[in-house]
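Data file: work.txt. Format and content: compact mmCIF, C-alpha atoms.
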# COMPACT_ATOMS: atom_id res chain seq x y z
CA MET A 576 107.50 88.62 114.31
CA LEU A 577 104.97 90.22 116.62
CA ASP A 578 103.74 88.34 119.67
CA ARG A 579 100.37 86.63 119.66
CA LEU A 580 97.36 88.93 120.16
CA ASP A 581 99.34 91.98 119.05
CA LEU A 582 97.50 92.16 115.73
CA LEU A 583 93.84 93.10 116.10
CA VAL A 584 91.32 93.01 113.26
CA ILE A 585 87.90 94.58 113.73
CA GLY A 586 85.08 93.74 111.36
CA GLU A 587 82.50 91.36 110.01
CA CYS A 588 82.39 87.66 109.31
CA VAL A 589 80.29 86.57 106.33
CA ALA A 590 79.31 83.13 105.06
CA ASP A 591 80.01 83.23 101.31
CA ILE A 592 77.48 81.04 99.49
CA VAL A 593 79.29 80.41 96.20
CA ARG A 594 77.08 79.64 93.23
CA LEU A 595 78.57 78.14 90.08
CA PRO A 596 76.57 77.33 86.92
CA GLY A 597 75.37 73.75 87.05
CA ALA A 598 76.83 73.02 90.49
CA ALA A 599 75.54 72.78 94.05
CA ASP A 600 76.02 75.79 96.33
CA GLN A 601 79.25 75.79 98.33
CA ILE A 602 79.57 77.70 101.63
CA HIS A 603 82.93 79.26 102.40
CA PRO A 604 83.88 81.25 105.51
CA GLY A 605 84.40 84.87 104.50
CA GLY A 606 84.04 88.54 105.30
CA SER A 607 86.91 90.86 104.41
CA PRO A 608 88.19 91.53 107.96
CA ALA A 609 87.80 87.86 108.90
CA ASN A 610 89.78 86.89 105.81
CA VAL A 611 92.58 89.27 106.79
CA ALA A 612 92.74 87.84 110.32
CA TYR A 613 92.78 84.31 108.88
CA GLY A 614 95.53 85.25 106.42
CA LEU A 615 97.67 86.73 109.19
CA ALA A 616 97.29 83.60 111.30
CA ARG A 617 98.17 81.42 108.31
CA LEU A 618 101.37 83.45 107.96
CA GLY A 619 102.32 82.72 111.54
CA HIS A 620 101.12 85.87 113.31
CA GLY A 621 99.01 86.06 116.41
CA ALA A 622 95.70 87.62 115.33
CA THR A 623 92.59 88.53 117.28
CA LEU A 624 89.32 89.22 115.45
CA LEU A 625 86.72 91.44 117.11
CA THR A 626 83.48 90.55 115.34
CA GLN A 627 79.93 89.20 115.55
CA LEU A 628 78.98 85.57 114.94
CA GLY A 629 75.49 84.13 115.17
CA PRO A 630 74.60 80.91 117.05
CA ASP A 631 73.87 79.10 113.77
CA ASP A 632 75.54 76.63 111.42
CA ASN A 633 77.24 79.39 109.44
CA GLY A 634 78.57 80.95 112.63
CA ARG A 635 79.97 77.63 113.82
CA LEU A 636 81.53 76.99 110.41
CA ILE A 637 83.30 80.36 110.46
CA ARG A 638 84.39 80.06 114.08
CA ASP A 639 85.91 76.62 113.47
CA HIS A 640 87.62 77.89 110.33
CA LEU A 641 89.21 80.87 112.07
CA THR A 642 90.20 79.18 115.32
CA GLY A 643 91.61 76.26 113.37
CA ALA A 644 94.18 78.66 111.91
CA GLY A 645 94.92 80.15 115.32
CA VAL A 646 92.75 83.28 115.22
CA GLU A 647 91.39 84.32 118.62
CA ILE A 648 87.79 85.52 118.34
CA ARG A 649 86.25 88.20 120.56
CA THR A 650 82.56 89.01 120.19
CA ASP A 651 80.06 91.33 121.85
CA GLY A 652 77.64 88.47 122.58
CA ALA A 653 75.04 89.52 120.00
CA ARG A 654 72.87 86.66 118.72
CA GLU A 655 71.74 87.90 115.30
CA PRO A 656 72.08 85.42 112.42
CA THR A 657 75.54 85.20 110.91
CA PRO A 658 75.72 87.48 107.86
CA SER A 659 75.77 85.81 104.46
CA ALA A 660 76.58 86.75 100.88
CA ALA A 661 75.50 84.91 97.76
CA VAL A 662 78.58 84.94 95.53
CA THR A 663 77.93 84.36 91.84
CA LEU A 664 81.00 83.65 89.72
CA ASP A 665 81.20 84.33 85.99
CA ASP A 666 83.15 82.22 83.51
CA GLY A 667 86.34 84.15 84.35
CA GLY A 668 86.01 83.60 88.10
CA GLN A 669 84.98 87.20 88.82
CA ALA A 670 82.66 87.47 91.82
CA ALA A 671 79.38 89.37 92.24
CA TYR A 672 77.76 89.59 95.71
CA ALA A 673 74.23 89.78 97.16
CA PHE A 674 74.24 90.36 100.93
CA GLU A 675 72.09 89.57 103.94
CA ILE A 676 73.87 91.32 106.78
CA THR A 677 73.42 93.35 109.96
CA TRP A 678 76.22 94.97 111.96
CA THR A 679 75.39 96.09 115.49
CA LEU A 680 78.77 95.75 117.20
CA ASP A 681 78.94 96.98 120.81
CA ALA A 682 82.14 98.00 122.58
CA VAL A 683 84.27 95.08 123.84
CA SER A 684 87.13 95.43 126.31
CA LEU A 685 90.51 93.99 125.32
CA ASP A 686 92.96 92.12 127.53
CA ARG A 687 95.92 94.04 126.14
CA ALA A 688 96.59 96.84 123.69
CA PRO A 689 97.53 95.64 120.19
CA HIS A 690 100.56 96.78 118.23
CA HIS A 691 98.47 97.11 115.08
CA VAL A 692 94.77 97.45 114.24
CA HIS A 693 93.21 96.62 110.89
CA THR A 694 89.64 97.39 109.91
CA GLY A 695 87.48 98.19 106.91
CA SER A 696 84.73 96.93 104.66
CA ILE A 697 81.10 96.77 105.77
CA ALA A 698 82.08 97.19 109.43
CA THR A 699 83.15 100.80 108.88
CA VAL A 700 80.06 102.02 107.00
CA MET A 701 77.07 100.05 108.30
CA GLU A 702 75.45 101.53 111.40
CA PRO A 703 75.09 101.20 114.28
CA GLY A 704 78.23 99.08 114.50
CA ALA A 705 80.36 101.44 112.37
CA ALA A 706 80.33 104.03 115.15
CA THR A 707 81.74 101.45 117.57
CA VAL A 708 84.52 100.57 115.12
CA LEU A 709 85.45 104.21 114.62
CA ALA A 710 85.56 104.85 118.35
CA ALA A 711 87.76 101.79 118.88
CA VAL A 712 90.22 102.88 116.20
CA GLU A 713 90.38 106.40 117.59
CA SER A 714 91.15 105.09 121.07
CA LEU A 715 93.75 102.51 119.96
CA ARG A 716 95.69 104.51 117.38
CA THR A 717 97.72 106.35 120.04
CA SER A 718 99.58 103.11 120.79
CA ALA A 719 99.04 101.14 117.57
CA THR A 720 99.46 101.62 113.87
CA VAL A 721 96.22 101.38 111.87
CA SER A 722 95.43 99.95 108.44
CA TYR A 723 92.18 100.33 106.52
CA ASP A 724 90.59 98.79 103.43
CA PRO A 725 87.26 100.30 102.34
CA ASN A 726 86.46 97.15 100.31
CA VAL A 727 83.50 98.95 98.75
CA ARG A 728 80.25 97.02 98.43
CA PRO A 729 77.93 99.46 96.59
CA GLU A 730 74.76 97.60 97.65
CA LEU A 731 75.59 98.25 101.32
CA MET A 732 77.19 101.70 101.24
CA GLY A 733 73.96 103.70 101.49
CA ASP A 734 74.00 107.34 100.44
CA HIS A 735 77.06 107.92 98.26
CA ASP A 736 78.15 111.24 99.76
CA ALA A 737 77.70 109.96 103.32
CA ALA A 738 79.69 106.84 102.46
CA VAL A 739 82.54 108.94 101.03
CA ARG A 740 82.66 110.98 104.24
CA LYS A 741 82.90 107.82 106.35
CA VAL A 742 85.63 106.41 104.14
CA GLU A 743 87.61 109.65 104.26
CA CYS A 744 87.33 109.76 108.04
CA CYS A 745 88.81 106.26 108.27
CA VAL A 746 91.54 107.16 105.78
CA ALA A 747 92.59 110.15 107.89
CA LEU A 748 92.88 107.94 111.00
CA SER A 749 95.07 105.34 109.27
CA ASP A 750 98.78 104.84 108.76
CA LEU A 751 98.23 102.48 105.83
CA VAL A 752 95.31 102.35 103.40
CA LYS A 753 94.67 99.73 100.71
CA ALA A 754 91.96 100.11 98.08
CA SER A 755 91.22 98.59 94.69
CA ASP A 756 90.94 100.72 91.58
CA GLU A 757 87.27 99.65 91.46
CA ASP A 758 86.74 100.95 95.02
CA LEU A 759 88.19 104.32 94.08
CA ARG A 760 86.19 104.63 90.85
CA TRP A 761 82.96 104.04 92.80
CA LEU A 762 83.90 106.55 95.48
CA TYR A 763 85.17 109.19 93.03
CA PRO A 764 83.63 108.69 89.57
CA GLY A 765 85.68 110.21 86.77
CA GLN A 766 88.86 110.54 88.85
CA GLU A 767 91.99 108.51 88.25
CA PRO A 768 92.68 106.07 91.12
CA GLU A 769 96.33 107.12 91.29
CA GLN A 770 95.33 110.75 91.82
CA VAL A 771 92.88 109.78 94.55
CA ALA A 772 95.61 107.76 96.26
CA GLU A 773 97.95 110.76 96.19
CA ARG A 774 95.25 112.95 97.68
CA TRP A 775 94.44 110.42 100.37
CA ARG A 776 98.08 110.15 101.43
CA ALA A 777 98.17 113.91 101.92
CA THR A 778 95.36 113.64 104.51
CA GLY A 779 97.28 111.44 106.97
CA PRO A 780 98.35 107.92 105.90
CA ALA A 781 102.02 107.17 105.46
CA VAL A 782 101.29 104.79 102.59
CA VAL A 783 98.35 104.23 100.22
CA LEU A 784 98.22 101.05 98.17
CA VAL A 785 96.07 100.56 95.07
CA THR A 786 95.39 97.10 93.65
CA ARG A 787 94.64 96.86 89.93
CA GLY A 788 93.78 93.21 89.37
CA GLY A 789 95.80 91.71 86.56
CA ASP A 790 97.61 95.02 86.10
CA GLY A 791 99.42 94.69 89.42
CA ALA A 792 99.52 97.20 92.26
CA LEU A 793 101.07 100.49 93.25
CA ALA A 794 102.16 102.16 96.47
CA VAL A 795 102.08 105.89 97.06
CA ILE A 796 104.92 106.64 99.48
CA PRO A 797 106.73 109.83 100.54
CA ASP A 798 109.13 109.43 97.58
CA GLY A 799 106.42 109.06 94.93
CA GLN A 800 104.88 105.93 93.42
CA VAL A 801 106.16 102.35 93.28
CA THR A 802 104.55 99.69 91.10
CA VAL A 803 104.74 95.90 90.78
CA ALA A 804 103.23 93.56 88.22
CA ALA A 805 100.73 90.88 89.11
CA LEU A 806 102.26 87.42 89.39
CA PRO A 807 101.20 85.09 86.55
CA THR A 808 98.71 82.51 87.74
CA ASP A 809 95.70 80.49 86.60
CA VAL A 810 92.67 82.16 88.16
CA VAL A 811 90.07 79.88 89.76
CA ASP A 812 88.18 82.74 91.41
CA THR A 813 88.95 86.18 92.86
CA VAL A 814 87.19 85.65 96.21
CA GLY A 815 89.42 86.97 98.99
CA ALA A 816 92.19 88.19 96.68
CA GLY A 817 92.22 91.72 98.10
CA ASP A 818 92.17 90.39 101.66
CA ALA A 819 95.13 88.11 100.94
CA PHE A 820 96.92 91.13 99.48
CA MET A 821 96.22 92.95 102.77
CA SER A 822 97.44 90.16 105.02
CA GLY A 823 100.53 89.76 102.83
CA THR A 824 101.17 93.49 103.15
CA LEU A 825 100.93 93.44 106.95
CA HIS A 826 103.11 90.33 107.10
CA ALA A 827 105.84 92.08 105.11
CA LEU A 828 105.56 95.32 107.09
CA ALA A 829 105.87 93.36 110.34
CA SER A 830 108.99 91.62 109.06
CA HIS A 831 110.53 95.03 108.34
CA GLY A 832 109.62 96.35 111.82
CA LEU A 833 107.16 98.90 110.43
CA LEU A 834 104.10 98.13 112.57
CA GLY A 835 103.32 99.39 116.07
CA ALA A 836 103.79 102.78 117.63
CA ASP A 837 107.57 102.36 117.55
CA GLY A 838 107.44 101.61 113.80
CA ARG A 839 105.19 104.50 112.81
CA GLU A 840 107.94 107.01 112.02
CA ARG A 841 109.89 104.39 110.05
CA LEU A 842 106.73 103.65 108.06
CA ARG A 843 106.44 107.36 107.29
CA ALA A 844 109.95 107.23 105.82
CA LEU A 845 109.28 104.08 103.76
CA ASP A 846 111.85 103.82 100.94
CA ARG A 847 111.27 102.51 97.45
CA ASP A 848 113.13 99.22 97.88
CA THR A 849 111.19 98.30 101.00
CA ALA A 850 107.91 99.37 99.40
CA THR A 851 108.68 97.14 96.42
CA ASP A 852 109.38 94.19 98.71
CA VAL A 853 106.10 94.76 100.56
CA LEU A 854 104.16 94.93 97.28
CA ARG A 855 105.82 91.74 96.02
CA HIS A 856 104.79 89.87 99.17
CA ALA A 857 101.25 91.21 98.87
CA ALA A 858 100.97 90.35 95.16
CA ALA A 859 102.32 86.85 95.77
CA SER A 860 99.81 86.29 98.56
CA ALA A 861 96.96 87.36 96.26
CA ALA A 862 98.27 85.17 93.41
CA VAL A 863 98.18 82.05 95.59
CA THR A 864 94.65 82.86 96.69
CA VAL A 865 93.12 83.39 93.24
CA ALA A 866 94.60 80.08 92.07
CA ARG A 867 92.26 78.12 94.36
CA ALA A 868 88.62 78.27 95.36
CA GLY A 869 87.36 80.64 98.05
CA ALA A 870 89.23 82.95 100.40
CA ASN A 871 92.11 80.54 100.99
CA PRO A 872 95.32 82.57 101.52
CA PRO A 873 98.81 81.07 101.74
CA ASP A 874 100.79 79.96 104.73
CA GLU A 875 104.37 81.20 105.04
CA ALA A 876 105.89 78.31 103.07
CA GLU A 877 103.43 78.78 100.20
CA LEU A 878 104.12 82.51 100.15
CA LYS A 879 107.88 81.94 99.95
CA GLU A 880 107.35 79.46 97.11
CA ALA A 881 105.19 81.96 95.20
CA LEU A 882 107.81 84.67 95.66
CA ALA A 883 110.51 82.34 94.35
CA ARG A 884 108.42 81.53 91.27
CA GLY A 885 107.59 85.19 90.67
Can you dump the structure from the file as structure tokens?
Amino acid sequence: MLDRLDLLVIGECVADIVRLPGAADQIHPGGSPANVAYGLARLGHGATLLTQLGPDDNGRLIRDHLTGAGVEIRTDGAREPTPSAAVTLDDGGQAAYAFEITWTLDAVSLDRAPHHVHTGSIATVMEPGAATVLAAVESLRTSATVSYDPNVRPELMGDHDAAVRKVECCVALSDLVKASDEDLRWLYPGQEPEQVAERWRATGPAVVLVTRGGDGALAVIPDGQVTVAALPTDVVDTVGAGDAFMSGTLHALASHGLLGADGRERLRALDRDTATDVLRHAAASAAVTVARAGANPPDEAELKEALARG
């Protein structure tokens, strides 16, 4: 287990306003990077989130939610309203989003260098804050491993070609990349997600993971591809499922000693058995999350129970 503050997540917090047919709106703390930091803390890791939070009710709700799990929050002091997303769920629990968000992150000094840095989502494509995120990752990657999840939100990506260039830049800086098959189909229409993942791995990452919803997930590693099935579960909603998969992945990698500068070469030699174990942890984490409302990932005991059932 890594020491507290050794896992740094950089990215946005978002208040998810969940709208169900015939029911009152429910506000859940969200934002992909914030969800990952929360999931890591729930699994017993020390996690710091570098983000922006407004001085409003949504900002206080998110801050209390994160710190209650043990996440340390660092901000740049900006006072814009906390970003929000109206989340509309269909009868199958699938989520559609409408955003009100700005991202103007300024550079923030850290007390100590992290072992691992995770980033992605809106924070890596929306300017002017995206430039700050990229600069931070570039400066930290010499002493930390880096993970990245594009978490594509088409409404916020701007020009398609420019968005693809930003995503590919982040991929090349990363040791581990996770993307959904939907992300990859938006970025590269007409191309098979597995082929995109193979191409991405050739540009720098040691491992590229692709989530495929109910069809499970795959890892592209030096020895080829490894796949796992999704764990059977009753889906309440899919909010935060990919983020729980990401925190479960990092939890498993940490347990195998594959994070941090001293784990980078071992990560680049990831074998099939270890990759399968990592994917199983990630899939179990996602399965727990989709079985309950909102981005509510498991703690370590719940994850172990899900693995035992799976």
One-decimal distance in Å that lies between atom CA of Asp581 of chain A and atom CA of Ser684 of chain A:
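These atoms are spaced 14.6 Å apart.
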Rank A:Ala698, A:Val739, A:Ala688, A:Ala590 by their smallest atom-to-atom distance to Glu675 of chain A, using all atoms listed in the file, and report the top residue only.
A:Ala590
Length of the atom CA of Asp632 of chain A to atom CA of Gly586 of chain A vector [Å]:
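One can read the atom CA of Asp632 of chain A to atom CA of Gly586 of chain A distance as 19.6 Å.
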For atom CA of Asn610 of chain A and atom CA of Val589 of chain A, quote the distance in Å rounded to one decimal.
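Taking atom CA of Asn610 of chain A as the start and atom CA of Val589 of chain A as the end point, the length is 9.5 Å.
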Within 9 Å of Gly619 of chain A, counting all atoms listed in the file, which residues qualify if same-chain residues fewer than 5 places away don't, as a count of residues only?
6
Residues at most 7 Å from Gly789 of chain A, counting only C-alpha atoms, excluding those fewer than 2 positions away in the same chain, as a ChimeraX atom specification?
/A:787,791,805
Using 12 Å as the limit and counting all atoms listed in the file, can you tabulate each residue of segment 760-783 of chain A that touches segment 842-847 of chain A, with its shortest atom-to-atom distance in Å and the two atoms involved, as a Markdown table?
| residue | atom | partner | partner_atom | distance |
| --- | --- | --- | --- | --- |
| A:Arg776 | CA | A:Arg843 | CA | 10.6 |
| A:Ala777 | CA | A:Arg843 | CA | 11.8 |
| A:Gly779 | CA | A:Arg843 | CA | 10.0 |
| A:Pro780 | CA | A:Arg843 | CA | 8.2 |
| A:Ala781 | CA | A:Arg843 | CA | 4.8 |
| A:Val782 | CA | A:Arg843 | CA | 7.4 |
| A:Val783 | CA | A:Arg843 | CA | 11.2 |
Using the file's own x, y and z axes, what box holds all listed atoms of segment 662-669 of chain A with 5 Å on each side, keeping edges along x, y and z, and what are its centre and edge lengths in Å to one decimal, as AutoDock Vina command-line options?
--center_x 82.1 --center_y 84.7 --center_z 89.5 --size_x 18.4 --size_y 15.0 --size_z 22.0
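Closest approach to Ala794 of chain A among A:Ala737, A:Ala682, A:Ala850, A:Ala616 is made by A:Ala850 (distances from only C-alpha atoms).
The smallest atom-to-atom distance between Leu641 of chain A and any of A:Ile697, A:Val611, A:Ala661, A:Ala705, using all atoms listed in the file, is found for A:Val611.
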Looking at A:Leu751, A:Ala804, A:Ala612, A:Leu625, which one is nearest to Val708 of chain A, with distances taken over all atoms listed in the file?
A:Leu625
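Of the listed residues (A:Pro873, A:Pro596, A:Pro768, A:Pro797), A:Pro768 comes nearest to Lys753 of chain A; the distances count only C-alpha atoms.
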Find the residues near Leu624 of chain A: any atom within 7 Å, counting all atoms listed in the file, skip ones fewer than 3 places away on the same chain, and give them as a list in words.
Leu583, Val584, Ile585, Ala609, Ala612, Val646, Glu647, Ile648 and Arg649 of chain A
With a distance cut-off of 9 Å and all atoms listed in the file, select the neighbouring residues of Ser722 of chain A, excluding the residue or stretch itself and same-chain residues fewer than 3 positions from it, and output the selection as an NGL selection string.
:A and (691-695 or 746 or 748-753 or 780 or 825)
Can you complete the atoms of segment 839-870 of chain A to N, CA and C atoms and list them as a short mmCIF file (atom, residue, chain, number, x, y, z; two decimals), keeping the file's coordinate frame?
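What landed in result-v5.cif:
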data_model
loop_
_atom_site.label_atom_id
_atom_site.label_comp_id
_atom_site.auth_asym_id
_atom_site.auth_seq_id
_atom_site.Cartn_x
_atom_site.Cartn_y
_atom_site.Cartn_z
N ARG A 839 105.97 103.52 113.58
CA ARG A 839 105.19 104.50 112.81
C ARG A 839 106.08 105.48 112.05
N GLU A 840 107.09 106.03 112.71
CA GLU A 840 107.94 107.01 112.02
C GLU A 840 108.75 106.35 110.91
N ARG A 841 109.18 105.10 111.12
CA ARG A 841 109.89 104.39 110.05
C ARG A 841 108.96 104.14 108.86
N LEU A 842 107.69 103.84 109.15
CA LEU A 842 106.73 103.65 108.06
C LEU A 842 106.55 104.94 107.27
N ARG A 843 106.60 106.06 107.96
CA ARG A 843 106.44 107.36 107.29
C ARG A 843 107.65 107.73 106.46
N ALA A 844 108.75 107.00 106.63
CA ALA A 844 109.95 107.23 105.82
C ALA A 844 110.19 106.03 104.89
N LEU A 845 109.15 105.30 104.56
CA LEU A 845 109.28 104.08 103.76
C LEU A 845 110.01 104.37 102.45
N ASP A 846 111.07 103.60 102.17
CA ASP A 846 111.85 103.82 100.94
C ASP A 846 111.33 102.93 99.83
N ARG A 847 111.79 103.18 98.63
CA ARG A 847 111.27 102.51 97.45
C ARG A 847 111.58 101.01 97.44
N ASP A 848 112.78 100.64 97.87
CA ASP A 848 113.13 99.22 97.88
C ASP A 848 112.25 98.42 98.84
N THR A 849 112.03 98.99 100.03
CA THR A 849 111.19 98.30 101.00
C THR A 849 109.75 98.25 100.52
N ALA A 850 109.27 99.36 99.94
CA ALA A 850 107.91 99.37 99.40
C ALA A 850 107.74 98.32 98.32
N THR A 851 108.75 98.15 97.47
CA THR A 851 108.68 97.14 96.42
C THR A 851 108.62 95.75 97.01
N ASP A 852 109.40 95.49 98.05
CA ASP A 852 109.38 94.19 98.71
C ASP A 852 108.01 93.91 99.33
N VAL A 853 107.43 94.92 99.97
CA VAL A 853 106.10 94.76 100.56
C VAL A 853 105.08 94.44 99.48
N LEU A 854 105.11 95.17 98.37
CA LEU A 854 104.16 94.93 97.28
C LEU A 854 104.35 93.54 96.69
N ARG A 855 105.58 93.08 96.57
CA ARG A 855 105.82 91.74 96.02
C ARG A 855 105.23 90.67 96.93
N HIS A 856 105.40 90.82 98.25
CA HIS A 856 104.79 89.87 99.17
C HIS A 856 103.27 89.89 99.05
N ALA A 857 102.70 91.08 98.96
CA ALA A 857 101.25 91.21 98.87
C ALA A 857 100.73 90.60 97.57
N ALA A 858 101.40 90.88 96.45
CA ALA A 858 100.97 90.35 95.16
C ALA A 858 101.10 88.83 95.12
N ALA A 859 102.15 88.30 95.73
CA ALA A 859 102.32 86.85 95.77
C ALA A 859 101.23 86.19 96.60
N SER A 860 100.87 86.82 97.72
CA SER A 860 99.81 86.29 98.56
C SER A 860 98.48 86.25 97.80
N ALA A 861 98.19 87.31 97.06
CA ALA A 861 96.96 87.36 96.26
C ALA A 861 96.99 86.31 95.15
N ALA A 862 98.16 86.13 94.52
CA ALA A 862 98.27 85.17 93.41
C ALA A 862 97.98 83.75 93.87
N VAL A 863 98.48 83.38 95.06
CA VAL A 863 98.18 82.05 95.59
C VAL A 863 96.69 81.89 95.81
N THR A 864 96.06 82.94 96.32
CA THR A 864 94.65 82.86 96.69
C THR A 864 93.74 82.72 95.48
N VAL A 865 94.01 83.47 94.41
CA VAL A 865 93.12 83.39 93.24
C VAL A 865 93.30 82.08 92.48
N ALA A 866 94.36 81.34 92.77
CA ALA A 866 94.60 80.08 92.07
C ALA A 866 93.83 78.92 92.67
N ARG A 867 93.06 79.18 93.76
CA ARG A 867 92.26 78.12 94.36
C ARG A 867 90.94 78.70 94.83
N ALA A 868 89.99 77.83 95.10
CA ALA A 868 88.62 78.27 95.36
C ALA A 868 88.50 78.92 96.74
N GLY A 869 87.68 79.99 96.78
CA GLY A 869 87.36 80.64 98.05
C GLY A 869 88.49 81.49 98.58
N ALA A 870 88.24 82.10 99.76
CA ALA A 870 89.23 82.95 100.40
C ALA A 870 90.21 82.05 101.16
#
